[in-house]
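Enquirer: Submitted below is the structure of interest, expressed as structure tokens.
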Amino acid sequence: MQWNLIISRKELKLSQVDMAKELKMSKDTYGRKERGETQFTADEMFLISDFLGKPIDQIFLRRNCINSAVK
């Protein structure tokens, strides 16, 4: 799960539908990516970073941390 992304999205009161529209993908595809079932592309990460106004490293977890508990 991309916990930092979920938290950032919810802080701005954005839904998965809002994010999916911004990235021009379906809600289901976005949801799979947010849950870590599939990976965001580098281009998608840059778009999200710009849209949320935060650096990529404050939004996305490294692949080896995705399924770990965030403390």
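Please note that chains go A, B, ... in the order of the structure tokens, that every chain numbers its residues from 1, and that ligands are numbered from 1 in the order shown.
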Leaving out Ile7 (chain A) and any residue of its chain fewer than 2 positions from it, which residues lie within 12 Å of it when counting only C-alpha atoms, given as a list in words?
Expert: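 The filter keeps Met1, Gln2, Trp3, Asn4, Leu5, Arg9, Lys10, Glu11, Leu12, Lys13, Leu14, Ser15, Gln16, Glu34, Leu52, Gln58, Ile59, Phe60 and Val70 of chain A.
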Enquirer: Fewer than 4 positions away in the same chain doesn't count, so skip those; otherwise give me all residues within 7 Å of Ile56 (chain A), counting only C-alpha atoms, as a compact mmCIF listing (two decimals) with N, CA, C and O atoms, in the first residue's frame.
Expert:
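Ended up saving to result28.txt:
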# COMPACT_ATOMS: atom_id res chain seq x y z
N MET A 45 4.18 9.10 -11.34
CA MET A 45 4.65 9.61 -10.06
C MET A 45 4.96 11.11 -10.14
O MET A 45 4.63 11.86 -9.23
N PHE A 46 5.55 11.54 -11.25
CA PHE A 46 5.82 12.98 -11.42
C PHE A 46 4.51 13.77 -11.53
O PHE A 46 4.40 14.85 -10.94
N SER A 49 3.05 13.98 -8.05
CA SER A 49 3.86 14.90 -7.26
C SER A 49 3.48 16.35 -7.56
O SER A 49 3.27 17.15 -6.65
N PHE A 60 5.78 8.64 -2.30
CA PHE A 60 5.92 7.23 -2.65
C PHE A 60 6.93 6.51 -1.79
O PHE A 60 8.00 7.05 -1.48
Enquirer: As an exercise, work out the distance from CA of Tyr30 (chain A) to CA of Asp50 (chain A) in Å and give it to one decimal place.
Expert: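 Atom-to-atom, CA of Tyr30 (chain A) and CA of Asp50 (chain A) are spaced 16.8 Å apart.
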Enquirer: Using only C-alpha atoms, determine which residues lie at most 8 Å from Glu44 (chain A), disregarding the query and same-chain residues fewer than 4 positions distant; provide the list as a ChimeraX atom specification.
Expert: /A:23,40,48
Enquirer: Got time to write the residues from that selection, all heavy atoms, as a PDB file, in the first residue's frame?
Expert:
ATOM      1  N   LEU A  23      -4.947  11.335 -13.787  1.00  0.00           N
ATOM      2  CA  LEU A  23      -3.965  10.469 -14.448  1.00  0.00           C
ATOM      3  C   LEU A  23      -4.510   9.830 -15.717  1.00  0.00           C
ATOM      4  O   LEU A  23      -3.823   9.042 -16.370  1.00  0.00           O
ATOM      5  CB  LEU A  23      -3.491   9.382 -13.483  1.00  0.00           C
ATOM      6  CG  LEU A  23      -2.741   9.906 -12.260  1.00  0.00           C
ATOM      7  CD1 LEU A  23      -2.534   8.799 -11.243  1.00  0.00           C
ATOM      8  CD2 LEU A  23      -1.418  10.520 -12.665  1.00  0.00           C
ATOM      9  N   PHE A  40       3.118   2.314 -10.084  1.00  0.00           N
ATOM     10  CA  PHE A  40       2.980   3.564 -10.826  1.00  0.00           C
ATOM     11  C   PHE A  40       4.196   3.701 -11.726  1.00  0.00           C
ATOM     12  O   PHE A  40       5.305   3.320 -11.353  1.00  0.00           O
ATOM     13  CB  PHE A  40       2.947   4.766  -9.868  1.00  0.00           C
ATOM     14  CG  PHE A  40       1.658   4.945  -9.128  1.00  0.00           C
ATOM     15  CD1 PHE A  40       1.525   4.491  -7.827  1.00  0.00           C
ATOM     16  CD2 PHE A  40       0.582   5.570  -9.727  1.00  0.00           C
ATOM     17  CE1 PHE A  40       0.335   4.664  -7.128  1.00  0.00           C
ATOM     18  CE2 PHE A  40      -0.610   5.748  -9.043  1.00  0.00           C
ATOM     19  CZ  PHE A  40      -0.732   5.294  -7.737  1.00  0.00           C
ATOM     20  N   ILE A  48       1.602  12.974 -10.203  1.00  0.00           N
ATOM     21  CA  ILE A  48       1.006  12.996  -8.870  1.00  0.00           C
ATOM     22  C   ILE A  48       1.741  13.982  -7.978  1.00  0.00           C
ATOM     23  O   ILE A  48       1.121  14.748  -7.231  1.00  0.00           O
ATOM     24  CB  ILE A  48       0.980  11.584  -8.258  1.00  0.00           C
ATOM     25  CG1 ILE A  48      -0.028  10.713  -9.013  1.00  0.00           C
ATOM     26  CG2 ILE A  48       0.654  11.627  -6.761  1.00  0.00           C
ATOM     27  CD1 ILE A  48       0.044   9.232  -8.686  1.00  0.00           C
TER      28      ILE A  48
END
Enquirer: Run DSSP on the backbone and grab whatever in chain A lands in alpha helix (DSSP H); send it over as a ChimeraX atom specification.
Expert: /A:3-11,16-23,27-34,42-52,56-59
Enquirer: Distance CA of Ser26 (chain A)-CA of Lys54 (chain A), one decimal place?
Expert: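 Going from CA of Ser26 (chain A) over to CA of Lys54 (chain A) covers 23.1 Å.
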